[in-house]
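Everything below belongs to target23.cif, which stores mmCIF, C-alpha atoms.
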data_input
#
loop_
_atom_site.group_PDB
_atom_site.id
_atom_site.type_symbol
_atom_site.label_atom_id
_atom_site.label_comp_id
_atom_site.auth_asym_id
_atom_site.auth_seq_id
_atom_site.Cartn_x
_atom_site.Cartn_y
_atom_site.Cartn_z
ATOM 1 C CA MET A 1 -7.573 37.322 17.621
ATOM 2 C CA THR A 2 -6.130 34.179 16.109
ATOM 3 C CA VAL A 3 -8.238 31.215 15.015
ATOM 4 C CA LEU A 4 -6.879 27.988 13.588
ATOM 5 C CA VAL A 5 -8.671 27.685 10.230
ATOM 6 C CA ASN A 6 -8.179 24.303 8.560
ATOM 7 C CA GLY A 7 -4.937 23.899 10.432
ATOM 8 C CA GLU A 8 -3.539 27.361 9.606
ATOM 9 C CA PRO A 9 -3.486 30.226 12.130
ATOM 10 C CA ARG A 10 -5.505 33.159 10.855
ATOM 11 C CA LEU A 11 -5.911 36.665 12.262
ATOM 12 C CA LEU A 12 -9.577 37.635 12.430
ATOM 13 C CA GLU A 13 -11.466 40.692 13.620
ATOM 14 C CA PRO A 14 -13.109 40.121 16.996
ATOM 15 C CA GLY A 15 -16.776 39.376 16.452
ATOM 16 C CA THR A 16 -16.258 37.447 13.216
ATOM 17 C CA THR A 17 -18.999 34.840 12.832
ATOM 18 C CA VAL A 18 -18.549 31.356 11.450
ATOM 19 C CA GLU A 19 -20.824 32.344 8.558
ATOM 20 C CA ALA A 20 -18.574 35.280 7.631
ATOM 21 C CA LEU A 21 -15.433 33.185 7.818
ATOM 22 C CA VAL A 22 -16.910 30.378 5.712
ATOM 23 C CA ARG A 23 -17.871 32.885 3.017
ATOM 24 C CA THR A 24 -14.229 33.967 2.706
ATOM 25 C CA LEU A 25 -13.381 30.365 1.788
ATOM 26 C CA VAL A 26 -16.353 29.195 -0.269
ATOM 27 C CA GLU A 27 -18.422 31.218 -2.711
ATOM 28 C CA GLU A 28 -21.656 29.301 -2.258
ATOM 29 C CA PRO A 29 -21.623 27.421 1.042
ATOM 30 C CA GLU A 30 -25.377 26.703 0.925
ATOM 31 C CA ARG A 31 -24.806 23.029 0.177
ATOM 32 C CA GLY A 32 -21.900 20.647 0.379
ATOM 33 C CA VAL A 33 -20.019 22.439 3.151
ATOM 34 C CA ALA A 34 -19.705 21.368 6.774
ATOM 35 C CA VAL A 35 -18.071 23.009 9.762
ATOM 36 C CA ALA A 36 -16.485 21.524 12.866
ATOM 37 C CA LEU A 37 -15.769 23.993 15.643
ATOM 38 C CA ASP A 38 -13.324 22.683 18.227
ATOM 39 C CA ARG A 39 -13.892 19.234 16.724
ATOM 40 C CA GLU A 40 -17.684 19.228 17.150
ATOM 41 C CA VAL A 41 -20.152 19.556 14.300
ATOM 42 C CA LEU A 42 -21.603 23.052 14.057
ATOM 43 C CA PRO A 43 -24.971 22.859 12.288
ATOM 44 C CA ARG A 44 -25.440 25.290 9.439
ATOM 45 C CA ARG A 45 -28.320 27.066 11.178
ATOM 46 C CA ALA A 46 -25.880 28.065 13.957
ATOM 47 C CA TRP A 47 -23.180 29.565 11.689
ATOM 48 C CA GLY A 48 -24.690 33.045 11.665
ATOM 49 C CA GLU A 49 -25.078 33.339 15.410
ATOM 50 C CA THR A 50 -21.777 31.725 16.382
ATOM 51 C CA THR A 51 -19.001 34.197 17.020
ATOM 52 C CA LEU A 52 -15.444 32.899 16.855
ATOM 53 C CA ARG A 53 -13.195 33.303 19.862
ATOM 54 C CA ASP A 54 -9.430 33.586 20.149
ATOM 55 C CA GLY A 55 -7.692 30.204 20.096
ATOM 56 C CA GLN A 56 -10.563 28.231 18.608
ATOM 57 C CA GLU A 57 -10.075 25.625 15.918
ATOM 58 C CA ILE A 58 -12.380 25.507 12.941
ATOM 59 C CA GLU A 59 -12.496 22.956 10.140
ATOM 60 C CA VAL A 60 -14.374 23.891 6.966
ATOM 61 C CA LEU A 61 -14.943 20.859 4.783
ATOM 62 C CA GLN A 62 -16.393 20.026 1.391
ATOM 63 C CA ALA A 63 -16.840 17.062 -0.960
ATOM 64 C CA VAL A 64 -13.805 15.853 -2.868
ATOM 65 C CA ALA A 65 -13.255 12.896 -5.150
ATOM 66 C CA GLY A 66 -12.204 9.844 -3.199
ATOM 67 C CA GLY A 67 -13.122 6.720 -1.332
ATOM 68 C CA MET B 68 -33.553 -10.849 -14.628
ATOM 69 C CA ALA B 69 -33.329 -7.228 -13.553
ATOM 70 C CA GLU B 70 -34.345 -7.786 -9.951
ATOM 71 C CA PRO B 71 -33.657 -4.563 -8.059
ATOM 72 C CA LEU B 72 -31.108 -4.319 -5.280
ATOM 73 C CA LEU B 73 -32.818 -3.636 -1.970
ATOM 74 C CA LEU B 74 -30.420 -1.456 -0.017
ATOM 75 C CA GLY B 75 -31.127 0.924 2.830
ATOM 76 C CA GLY B 76 -34.879 0.613 2.343
ATOM 77 C CA ARG B 77 -34.731 1.629 -1.317
ATOM 78 C CA GLU B 78 -34.720 -0.193 -4.627
ATOM 79 C CA TRP B 79 -31.802 0.272 -7.005
ATOM 80 C CA GLY B 80 -31.599 -0.767 -10.638
ATOM 81 C CA SER B 81 -27.808 -0.895 -10.717
ATOM 82 C CA ARG B 82 -25.681 -3.180 -8.570
ATOM 83 C CA LEU B 83 -22.512 -1.254 -9.295
ATOM 84 C CA ILE B 84 -21.557 1.517 -6.870
ATOM 85 C CA MET B 85 -18.843 3.874 -8.050
ATOM 86 C CA GLY B 86 -16.062 5.508 -6.091
ATOM 87 C CA THR B 87 -14.695 8.785 -7.369
ATOM 88 C CA GLY B 88 -11.021 8.596 -6.385
ATOM 89 C CA GLY B 89 -8.159 8.451 -8.858
ATOM 90 C CA PHE B 90 -9.680 10.016 -11.978
ATOM 91 C CA ARG B 91 -7.332 12.176 -14.037
ATOM 92 C CA SER B 92 -10.030 14.760 -14.680
ATOM 93 C CA LEU B 93 -13.631 15.574 -13.905
ATOM 94 C CA ALA B 94 -14.482 14.995 -17.584
ATOM 95 C CA GLU B 95 -13.122 11.443 -17.411
ATOM 96 C CA MET B 96 -15.054 10.905 -14.191
ATOM 97 C CA GLU B 97 -18.256 12.064 -15.839
ATOM 98 C CA ALA B 98 -17.824 9.791 -18.867
ATOM 99 C CA ALA B 99 -17.061 6.823 -16.614
ATOM 100 C CA LEU B 100 -19.957 7.448 -14.232
ATOM 101 C CA VAL B 101 -22.365 7.624 -17.151
ATOM 102 C CA ALA B 102 -20.935 4.468 -18.768
ATOM 103 C CA SER B 103 -21.039 2.550 -15.473
ATOM 104 C CA GLY B 104 -24.794 2.928 -15.136
ATOM 105 C CA ALA B 105 -24.220 3.357 -11.392
ATOM 106 C CA GLU B 106 -26.879 5.158 -9.364
ATOM 107 C CA ILE B 107 -24.884 5.492 -6.144
ATOM 108 C CA VAL B 108 -21.598 7.400 -6.063
ATOM 109 C CA THR B 109 -19.338 7.877 -3.076
ATOM 110 C CA VAL B 110 -17.337 11.032 -2.275
ATOM 111 C CA ALA B 111 -14.958 11.998 0.529
ATOM 112 C CA LEU B 112 -14.880 15.038 2.800
ATOM 113 C CA ARG B 113 -11.779 17.250 3.013
ATOM 114 C CA ARG B 114 -10.773 20.774 3.971
ATOM 115 C CA VAL B 115 -11.910 23.372 1.458
ATOM 116 C CA ASP B 116 -9.104 24.530 -0.766
ATOM 117 C CA PRO B 117 -9.841 28.022 -2.116
ATOM 118 C CA ALA B 118 -6.861 27.679 -4.485
ATOM 119 C CA ALA B 119 -8.290 24.590 -6.172
ATOM 120 C CA ARG B 120 -10.675 25.685 -8.894
ATOM 121 C CA GLN B 121 -11.225 22.474 -10.835
ATOM 122 C CA GLY B 122 -14.965 21.930 -10.500
ATOM 123 C CA SER B 123 -16.575 19.941 -7.761
ATOM 124 C CA PRO B 124 -17.490 16.255 -7.804
ATOM 125 C CA LEU B 125 -20.626 17.186 -5.855
ATOM 126 C CA GLU B 126 -21.807 19.405 -8.678
ATOM 127 C CA LEU B 127 -21.191 16.583 -11.166
ATOM 128 C CA VAL B 128 -23.002 13.979 -9.085
ATOM 129 C CA GLU B 129 -25.995 16.307 -8.721
ATOM 130 C CA ARG B 130 -26.028 17.229 -12.396
ATOM 131 C CA LEU B 131 -26.065 13.545 -13.367
ATOM 132 C CA GLY B 132 -28.897 12.922 -10.898
ATOM 133 C CA LEU B 133 -26.904 10.336 -8.939
ATOM 134 C CA PHE B 134 -27.323 9.407 -5.284
ATOM 135 C CA LEU B 135 -24.516 10.800 -3.148
ATOM 136 C CA LEU B 136 -22.948 8.446 -0.631
ATOM 137 C CA PRO B 137 -20.470 10.306 1.584
ATOM 138 C CA ASN B 138 -17.605 8.259 2.979
ATOM 139 C CA THR B 139 -15.249 8.558 5.925
ATOM 140 C CA ALA B 140 -12.091 7.850 3.926
ATOM 141 C CA GLY B 141 -8.920 8.575 5.856
ATOM 142 C CA CYS B 142 -10.344 8.035 9.336
ATOM 143 C CA TYR B 143 -8.330 5.884 11.733
ATOM 144 C CA THR B 144 -10.539 5.886 14.813
ATOM 145 C CA ALA B 145 -14.219 5.411 15.543
ATOM 146 C CA ARG B 146 -14.322 8.931 16.982
ATOM 147 C CA GLU B 147 -12.943 10.515 13.800
ATOM 148 C CA ALA B 148 -15.232 8.433 11.604
ATOM 149 C CA VAL B 149 -18.356 9.254 13.600
ATOM 150 C CA ARG B 150 -17.531 12.965 13.510
ATOM 151 C CA THR B 151 -16.837 12.803 9.785
ATOM 152 C CA ALA B 152 -20.149 11.028 9.160
ATOM 153 C CA ARG B 153 -21.999 13.704 11.149
ATOM 154 C CA LEU B 154 -20.235 16.442 9.192
ATOM 155 C CA ALA B 155 -21.166 14.715 5.945
ATOM 156 C CA ARG B 156 -24.788 14.520 7.049
ATOM 157 C CA GLU B 157 -24.671 18.239 7.738
ATOM 158 C CA ALA B 158 -22.981 19.036 4.421
ATOM 159 C CA PHE B 159 -25.086 16.855 2.129
ATOM 160 C CA GLY B 160 -28.291 16.356 4.077
ATOM 161 C CA THR B 161 -28.063 12.562 3.895
ATOM 162 C CA PRO B 162 -27.954 10.007 6.708
ATOM 163 C CA TRP B 163 -26.211 7.488 4.421
ATOM 164 C CA VAL B 164 -22.526 6.858 4.960
ATOM 165 C CA LYS B 165 -19.905 4.524 3.614
ATOM 166 C CA LEU B 166 -18.053 3.887 6.853
ATOM 167 C CA GLU B 167 -14.305 3.483 6.528
ATOM 168 C CA VAL B 168 -12.058 3.134 9.552
ATOM 169 C CA ILE B 169 -8.572 2.306 8.379
ATOM 170 C CA GLY B 170 -6.118 0.455 10.587
ATOM 171 C CA ASP B 171 -2.907 0.883 8.674
ATOM 172 C CA ASP B 172 -1.770 3.094 5.788
ATOM 173 C CA ARG B 173 0.276 0.365 4.111
ATOM 174 C CA THR B 174 -2.524 -2.171 3.730
ATOM 175 C CA LEU B 175 -5.483 0.191 4.160
ATOM 176 C CA HIS B 176 -7.169 -2.705 5.901
ATOM 177 C CA PRO B 177 -10.071 -1.706 8.121
ATOM 178 C CA ASP B 178 -9.625 -1.715 11.898
ATOM 179 C CA PRO B 179 -12.396 -4.150 12.843
ATOM 180 C CA VAL B 180 -12.664 -3.059 16.476
ATOM 181 C CA GLU B 181 -12.986 0.653 15.707
ATOM 182 C CA LEU B 182 -15.259 -0.168 12.768
ATOM 183 C CA VAL B 183 -17.815 -2.026 14.867
ATOM 184 C CA VAL B 184 -17.767 0.682 17.555
ATOM 185 C CA ALA B 185 -18.330 3.399 14.932
ATOM 186 C CA ALA B 186 -21.077 1.384 13.234
ATOM 187 C CA GLU B 187 -22.956 0.937 16.522
ATOM 188 C CA GLN B 188 -22.775 4.660 17.302
ATOM 189 C CA LEU B 189 -23.856 5.730 13.832
ATOM 190 C CA VAL B 190 -26.762 3.275 13.660
ATOM 191 C CA ALA B 191 -27.917 4.548 17.066
ATOM 192 C CA ASP B 192 -27.710 8.067 15.643
ATOM 193 C CA GLY B 193 -30.009 7.148 12.743
ATOM 194 C CA PHE B 194 -27.463 6.636 9.977
ATOM 195 C CA THR B 195 -27.765 4.151 7.130
ATOM 196 C CA VAL B 196 -24.351 2.568 7.537
ATOM 197 C CA LEU B 197 -22.493 0.779 4.738
ATOM 198 C CA PRO B 198 -19.246 -0.422 6.319
ATOM 199 C CA TYR B 199 -16.084 -1.176 4.372
ATOM 200 C CA ALA B 200 -14.837 -4.286 6.148
ATOM 201 C CA GLY B 201 -12.271 -7.039 5.936
ATOM 202 C CA ASP B 202 -13.291 -10.417 4.569
ATOM 203 C CA ASP B 203 -13.696 -11.914 8.047
ATOM 204 C CA PRO B 204 -17.141 -13.546 8.385
ATOM 205 C CA ILE B 205 -17.234 -12.912 12.120
ATOM 206 C CA VAL B 206 -16.674 -9.174 11.706
ATOM 207 C CA ALA B 207 -19.345 -9.197 8.997
ATOM 208 C CA ARG B 208 -21.745 -10.830 11.424
ATOM 209 C CA ARG B 209 -20.953 -8.241 14.102
ATOM 210 C CA LEU B 210 -21.576 -5.419 11.622
ATOM 211 C CA GLU B 211 -24.908 -6.883 10.633
ATOM 212 C CA ALA B 212 -25.826 -7.320 14.304
ATOM 213 C CA ALA B 213 -24.890 -3.668 14.863
ATOM 214 C CA GLY B 214 -27.639 -2.730 12.414
ATOM 215 C CA CYS B 215 -25.630 -1.909 9.289
ATOM 216 C CA ALA B 216 -27.651 -1.716 6.071
ATOM 217 C CA ALA B 217 -25.091 -3.879 4.247
ATOM 218 C CA VAL B 218 -21.696 -5.425 4.747
ATOM 219 C CA MET B 219 -18.935 -4.494 2.336
ATOM 220 C CA PRO B 220 -16.005 -6.888 2.551
ATOM 221 C CA LEU B 221 -12.852 -6.159 0.607
ATOM 222 C CA GLY B 222 -11.725 -8.492 -2.152
ATOM 223 C CA SER B 223 -8.104 -7.432 -1.650
ATOM 224 C CA PRO B 224 -6.429 -4.190 -0.510
ATOM 225 C CA ILE B 225 -7.752 -0.875 -1.845
ATOM 226 C CA GLY B 226 -6.191 -0.025 -5.194
ATOM 227 C CA SER B 227 -4.257 -3.307 -5.369
ATOM 228 C CA GLY B 228 -6.213 -4.553 -8.375
ATOM 229 C CA ARG B 229 -5.642 -8.085 -7.148
ATOM 230 C CA GLY B 230 -9.284 -9.113 -7.321
ATOM 231 C CA ILE B 231 -10.679 -11.470 -4.683
ATOM 232 C CA ASP B 232 -7.892 -12.948 -2.560
ATOM 233 C CA ASN B 233 -10.150 -15.215 -0.528
ATOM 234 C CA PRO B 234 -13.284 -16.206 -2.420
ATOM 235 C CA HIS B 235 -14.083 -18.769 0.277
ATOM 236 C CA ASN B 236 -14.508 -16.068 2.905
ATOM 237 C CA ILE B 237 -16.690 -14.037 0.563
ATOM 238 C CA ARG B 238 -18.876 -17.112 0.092
ATOM 239 C CA LEU B 239 -19.106 -17.585 3.856
ATOM 240 C CA ILE B 240 -20.158 -13.961 4.310
ATOM 241 C CA VAL B 241 -22.749 -14.264 1.536
ATOM 242 C CA GLU B 242 -24.095 -17.480 3.017
ATOM 243 C CA GLN B 243 -24.672 -16.029 6.495
ATOM 244 C CA SER B 244 -25.780 -12.491 5.696
ATOM 245 C CA SER B 245 -29.344 -11.279 5.547
ATOM 246 C CA VAL B 246 -28.298 -7.759 4.544
ATOM 247 C CA PRO B 247 -26.807 -7.095 1.105
ATOM 248 C CA VAL B 248 -23.150 -8.029 0.651
ATOM 249 C CA ILE B 249 -21.271 -5.566 -1.522
ATOM 250 C CA LEU B 250 -17.743 -6.382 -2.535
ATOM 251 C CA ASP B 251 -15.737 -3.243 -1.874
ATOM 252 C CA ALA B 252 -12.089 -2.813 -2.873
ATOM 253 C CA GLY B 253 -9.484 -4.774 -4.760
ATOM 254 C CA ILE B 254 -11.268 -5.186 -8.083
ATOM 255 C CA GLY B 255 -8.733 -5.054 -10.938
ATOM 256 C CA THR B 256 -10.691 -5.936 -14.024
ATOM 257 C CA ALA B 257 -14.101 -7.024 -15.225
ATOM 258 C CA SER B 258 -13.674 -10.724 -14.440
ATOM 259 C CA ASP B 259 -13.094 -9.831 -10.760
ATOM 260 C CA ALA B 260 -16.423 -8.007 -10.630
ATOM 261 C CA ALA B 261 -18.137 -10.918 -12.382
ATOM 262 C CA LEU B 262 -16.602 -13.340 -9.883
ATOM 263 C CA ALA B 263 -17.874 -11.269 -6.952
ATOM 264 C CA MET B 264 -21.394 -11.550 -8.306
ATOM 265 C CA GLU B 265 -20.971 -15.266 -9.127
ATOM 266 C CA LEU B 266 -19.968 -15.818 -5.494
ATOM 267 C CA GLY B 267 -23.331 -14.348 -4.537
ATOM 268 C CA CYS B 268 -22.502 -10.761 -3.696
ATOM 269 C CA ASP B 269 -25.418 -8.369 -4.161
ATOM 270 C CA GLY B 270 -23.280 -5.619 -5.610
ATOM 271 C CA VAL B 271 -19.788 -4.305 -6.252
ATOM 272 C CA LEU B 272 -18.194 -1.016 -5.239
ATOM 273 C CA LEU B 273 -15.085 -0.005 -7.144
ATOM 274 C CA ALA B 274 -13.057 3.034 -8.108
ATOM 275 C CA SER B 275 -9.390 2.573 -9.031
ATOM 276 C CA SER B 276 -9.926 -0.196 -11.571
ATOM 277 C CA VAL B 277 -11.974 2.281 -13.595
ATOM 278 C CA SER B 278 -10.454 5.638 -12.686
ATOM 279 C CA ARG B 279 -6.866 4.501 -13.291
ATOM 280 C CA ALA B 280 -7.587 2.423 -16.393
ATOM 281 C CA ASP B 281 -6.182 3.741 -19.686
ATOM 282 C CA ASP B 282 -9.758 4.353 -20.808
ATOM 283 C CA PRO B 283 -11.975 4.789 -17.732
ATOM 284 C CA ALA B 284 -15.268 4.999 -19.639
ATOM 285 C CA GLU B 285 -14.533 1.783 -21.520
ATOM 286 C CA MET B 286 -13.612 0.010 -18.283
ATOM 287 C CA ALA B 287 -16.765 1.372 -16.640
ATOM 288 C CA THR B 288 -18.781 -0.218 -19.450
ATOM 289 C CA ALA B 289 -16.921 -3.484 -18.876
ATOM 290 C CA MET B 290 -17.702 -3.337 -15.146
ATOM 291 C CA ARG B 291 -21.388 -2.668 -15.766
ATOM 292 C CA LEU B 292 -21.598 -5.683 -18.071
ATOM 293 C CA ALA B 293 -19.499 -7.850 -15.729
ATOM 294 C CA VAL B 294 -21.749 -7.149 -12.751
ATOM 295 C CA GLU B 295 -24.804 -7.988 -14.861
ATOM 296 C CA ALA B 296 -23.173 -11.115 -16.295
ATOM 297 C CA GLY B 297 -21.970 -12.353 -12.913
ATOM 298 C CA ARG B 298 -25.374 -11.776 -11.387
ATOM 299 C CA ALA B 299 -27.097 -13.651 -14.226
ATOM 300 C CA ALA B 300 -24.633 -16.551 -13.920
ATOM 301 C CA ARG B 301 -25.245 -16.771 -10.177
ATOM 302 C CA ARG B 302 -28.995 -16.847 -10.679
ATOM 303 C CA ALA B 303 -28.735 -19.334 -13.535
ATOM 304 C CA GLY B 304 -26.853 -21.829 -11.337
ATOM 305 C CA ARG B 305 -23.497 -22.972 -12.622
ATOM 306 C CA ILE B 306 -22.579 -26.607 -13.336
ATOM 307 C CA PRO B 307 -20.288 -28.303 -10.822
ATOM 308 C CA GLN B 308 -16.566 -28.419 -11.500
ATOM 309 C CA ARG B 309 -15.346 -31.972 -12.269
ATOM 310 C CA LEU B 310 -11.987 -33.643 -12.630
ATOM 311 C CA HIS B 311 -13.098 -35.696 -15.611
ATOM 312 C CA ALA B 312 -14.928 -34.821 -18.776
ATOM 313 C CA GLN B 313 -18.640 -35.354 -19.130
ATOM 314 C CA ALA B 314 -19.715 -35.873 -22.749
ATOM 315 C CA SER B 315 -22.269 -33.437 -23.994
ATOM 316 C CA THR B 316 -23.310 -35.685 -26.864
ATOM 317 C CA ALA B 317 -25.302 -38.891 -26.282
ATOM 318 C CA GLU B 318 -23.424 -42.202 -26.592
ATOM 319 C CA ALA B 319 -26.575 -43.891 -27.940
ATOM 320 C CA GLY B 320 -26.913 -43.869 -31.710
ATOM 321 C CA ARG B 321 -23.178 -43.603 -32.361
ATOM 322 C CA PRO B 322 -22.572 -45.192 -35.830
ATOM 323 C CA ALA B 323 -20.071 -48.005 -36.397
ATOM 324 C CA LEU B 324 -17.585 -46.396 -38.742
ATOM 325 C CA GLY B 325 -14.227 -47.419 -37.277
#
Show how you would write the structure in this file as structure tokens.
Amino acid sequence: MTVLVNGEPRLLEPGTTVEALVRTLVEEPERGVAVALDREVLPRRAWGETTLRDGQEIEVLQAVAGG
Amino acid sequence: MAEPLLLGGREWGSRLIMGTGGFRSLAEMEAALVASGAEIVTVALRRVDPAARQGSPLELVERLGLFLLPNTAGCYTAREAVRTARLAREAFGTPWVKLEVIGDDRTLHPDPVELVVAAEQLVADGFTVLPYAGDDPIVARRLEAAGCAAVMPLGSPIGSGRGIDNPHNIRLIVEQSSVPVILDAGIGTASDAALAMELGCDGVLLASSVSRADDPAEMATAMRLAVEAGRAARRAGRIPQRLHAQASTAEAGRPALG
């Protein structure tokens, strides 16, 4: 299945959770990382139980200098 | 003299809030943040970049024991800004947000309509909202009425270094506001920050004037002193400006020597 990850299409195994995907991008996502799934905030406590589906859009964000 | 700043229900010793954009390195940012004496530091939220391995500003802010103020830099609509604020709350566990809703990428002026809408939604959602605004007193009043914890009018466009284009409007905003007024954006050098405080602002938020200075730490020191000096001058009460001179030495007792 294909999921749009931070604007880039990415092939993922069916059944991949948000938690698993985030860990491929960030070593320690315990703090300072936020996820929007199809443009809505996905609370951290839901990452582990949320399975990605084909065609979804996910944004994985962190703090950067600016503003 | 060191009366604390009451902002968002907390007391702060420093009236200088630091942005983090524009530094050439994390080491320069660290030196400048320390020199500034700031307690509150704002950071933006962006997509994670696994390729970028140059330390995180979050780590630095936490190591220095500073208070993290997430911002919604780069948002153009209330919807985007509200979502970004909620993501920031999730990422950093703080309900504080520096609300930015930009109307135009050439001026980076805020969009006042979207800004007020976003502020209302975020206040209703329990956020402590610090809105980056234009220098329009009416918009400032609407933001205060919306329940914002402060109003943060610009001095001049972000990064322009032009200082305070319209000091009269800043005075009007100061005069009418019962929440803190923090001058946000446009500061070029220390005298601009001092002027903001002399006009009665409660604090100053700046980034580029320090981060893009030849020596950011030295400029951060200058800004810390300028904010303190301007605040002291405001409290001391300046003399009026006059067209003619007013002798400082008594006329009485002048000897006849001519």
Spell out the residues picked by the PyMOL selection byres ((chain B and resi 262) around 12) here, as an NGL selection string. :B and (222 or 230-235 or 237-238 or 250 or 254-261 or 263-271 or 290 or 293-301)
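The coordinates place CA of Arg114 (chain B) at 10.2 Å from CA of Leu25 (chain A).
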To test your reading of the syntax: which residues would the PyMOL selection byres ((chain A) within 9 of (chain B)) return for the file shown? Reply as a tab-separated table (two decimals) with C-alpha atoms, in the frame of the given file.
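Printed below is out_12.tsv as written:
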chain	number	residue	atom	x	y	z
A	6	ASN	CA	-8.18	24.30	8.56
A	24	THR	CA	-14.23	33.97	2.71
A	25	LEU	CA	-13.38	30.36	1.79
A	26	VAL	CA	-16.35	29.20	-0.27
A	30	GLU	CA	-25.38	26.70	0.92
A	31	ARG	CA	-24.81	23.03	0.18
A	32	GLY	CA	-21.90	20.65	0.38
A	33	VAL	CA	-20.02	22.44	3.15
A	34	ALA	CA	-19.70	21.37	6.77
A	35	VAL	CA	-18.07	23.01	9.76
A	36	ALA	CA	-16.48	21.52	12.87
A	39	ARG	CA	-13.89	19.23	16.72
A	40	GLU	CA	-17.68	19.23	17.15
A	41	VAL	CA	-20.15	19.56	14.30
A	42	LEU	CA	-21.60	23.05	14.06
A	43	PRO	CA	-24.97	22.86	12.29
A	44	ARG	CA	-25.44	25.29	9.44
A	59	GLU	CA	-12.50	22.96	10.14
A	60	VAL	CA	-14.37	23.89	6.97
A	61	LEU	CA	-14.94	20.86	4.78
A	62	GLN	CA	-16.39	20.03	1.39
A	63	ALA	CA	-16.84	17.06	-0.96
A	64	VAL	CA	-13.80	15.85	-2.87
A	65	ALA	CA	-13.26	12.90	-5.15
A	66	GLY	CA	-12.20	9.84	-3.20
A	67	GLY	CA	-13.12	6.72	-1.33
Each region 211-240 of chain B residue no farther than 10 Å from region 183-188 of chain B, nearest pair in Å, all atoms listed in the file, as a Markdown table:
| residue | atom | partner | partner_atom | distance |
| --- | --- | --- | --- | --- |
| B:Glu211 | CA | B:Ala186 | CA | 9.5 |
| B:Ala212 | CA | B:Glu187 | CA | 9.0 |
| B:Ala213 | CA | B:Glu187 | CA | 5.3 |
| B:Gly214 | CA | B:Glu187 | CA | 7.2 |
| B:Cys215 | CA | B:Ala186 | CA | 6.9 |
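Taking CA of Asp202 (chain B) as the reference point, CA of Ile84 (chain B) is found at 18.5 Å.
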Residue list as a PyMOL selection string for point (-6.7, 30.2, 19.0), cut-off 6 Å, all atoms listed in the file: chain A and resi 2-4+54-56
So what do you get for CA of Leu135 (chain B) versus CA of Asp192 (chain B), distance-wise? 19.3 Å
Would you mind telling me which residue in A:Asp38, A:Met1, A:Trp47, A:Ile58 lies nearest to Ala20 (chain A) when using all atoms listed in the file? A:Trp47
Residue members of the PyMOL selection byres ((chain B and resi 204-208) around 9) in the file shown, as a PDB file with C-alpha atoms, in the frame of the given file:
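Result went into result_24.pdb, see below:
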ATOM      1  CA  PRO B 179     -12.396  -4.150  12.843  1.00  0.00           C
ATOM      2  CA  VAL B 180     -12.664  -3.059  16.476  1.00  0.00           C
ATOM      3  CA  VAL B 183     -17.815  -2.026  14.867  1.00  0.00           C
ATOM      4  CA  ALA B 200     -14.837  -4.286   6.148  1.00  0.00           C
ATOM      5  CA  GLY B 201     -12.271  -7.039   5.936  1.00  0.00           C
ATOM      6  CA  ASP B 202     -13.291 -10.417   4.569  1.00  0.00           C
ATOM      7  CA  ASP B 203     -13.696 -11.914   8.047  1.00  0.00           C
ATOM      8  CA  ARG B 209     -20.953  -8.241  14.102  1.00  0.00           C
ATOM      9  CA  LEU B 210     -21.576  -5.419  11.622  1.00  0.00           C
ATOM     10  CA  GLU B 211     -24.908  -6.883  10.633  1.00  0.00           C
ATOM     11  CA  ALA B 212     -25.826  -7.320  14.304  1.00  0.00           C
ATOM     12  CA  ALA B 213     -24.890  -3.668  14.863  1.00  0.00           C
ATOM     13  CA  VAL B 218     -21.696  -5.425   4.747  1.00  0.00           C
ATOM     14  CA  MET B 219     -18.935  -4.494   2.336  1.00  0.00           C
ATOM     15  CA  PRO B 220     -16.005  -6.888   2.551  1.00  0.00           C
ATOM     16  CA  ASN B 236     -14.508 -16.068   2.905  1.00  0.00           C
ATOM     17  CA  ILE B 237     -16.690 -14.037   0.563  1.00  0.00           C
ATOM     18  CA  LEU B 239     -19.106 -17.585   3.856  1.00  0.00           C
ATOM     19  CA  ILE B 240     -20.158 -13.961   4.310  1.00  0.00           C
ATOM     20  CA  VAL B 241     -22.749 -14.264   1.536  1.00  0.00           C
ATOM     21  CA  GLN B 243     -24.672 -16.029   6.495  1.00  0.00           C
ATOM     22  CA  SER B 244     -25.780 -12.491   5.696  1.00  0.00           C
TER      23      SER B 244
END
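Distance annotation: of B:Leu127, B:Arg82, B:Glu70, B:Ala145, the residue with the minimal separation from Val248 (chain B) is B:Arg82; atom set is only C-alpha atoms.
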What lies within 9 Å of Glu19 (chain A) using all atoms listed in the file, ignoring chain neighbours under 2 positions off, as a PDB file with C-alpha atoms, in the frame of the given file?
ATOM      1  CA  THR A  16     -16.258  37.447  13.216  1.00  0.00           C
ATOM      2  CA  THR A  17     -18.999  34.840  12.832  1.00  0.00           C
ATOM      3  CA  LEU A  21     -15.433  33.185   7.818  1.00  0.00           C
ATOM      4  CA  VAL A  22     -16.910  30.378   5.712  1.00  0.00           C
ATOM      5  CA  ARG A  23     -17.871  32.885   3.017  1.00  0.00           C
ATOM      6  CA  THR A  24     -14.229  33.967   2.706  1.00  0.00           C
ATOM      7  CA  ARG A  44     -25.440  25.290   9.439  1.00  0.00           C
ATOM      8  CA  ALA A  46     -25.880  28.065  13.957  1.00  0.00           C
ATOM      9  CA  TRP A  47     -23.180  29.565  11.689  1.00  0.00           C
ATOM     10  CA  GLY A  48     -24.690  33.045  11.665  1.00  0.00           C
ATOM     11  CA  GLU A  49     -25.078  33.339  15.410  1.00  0.00           C
ATOM     12  CA  THR A  50     -21.777  31.725  16.382  1.00  0.00           C
ATOM     13  CA  THR A  51     -19.001  34.197  17.020  1.00  0.00           C
TER      14      THR A  51
END
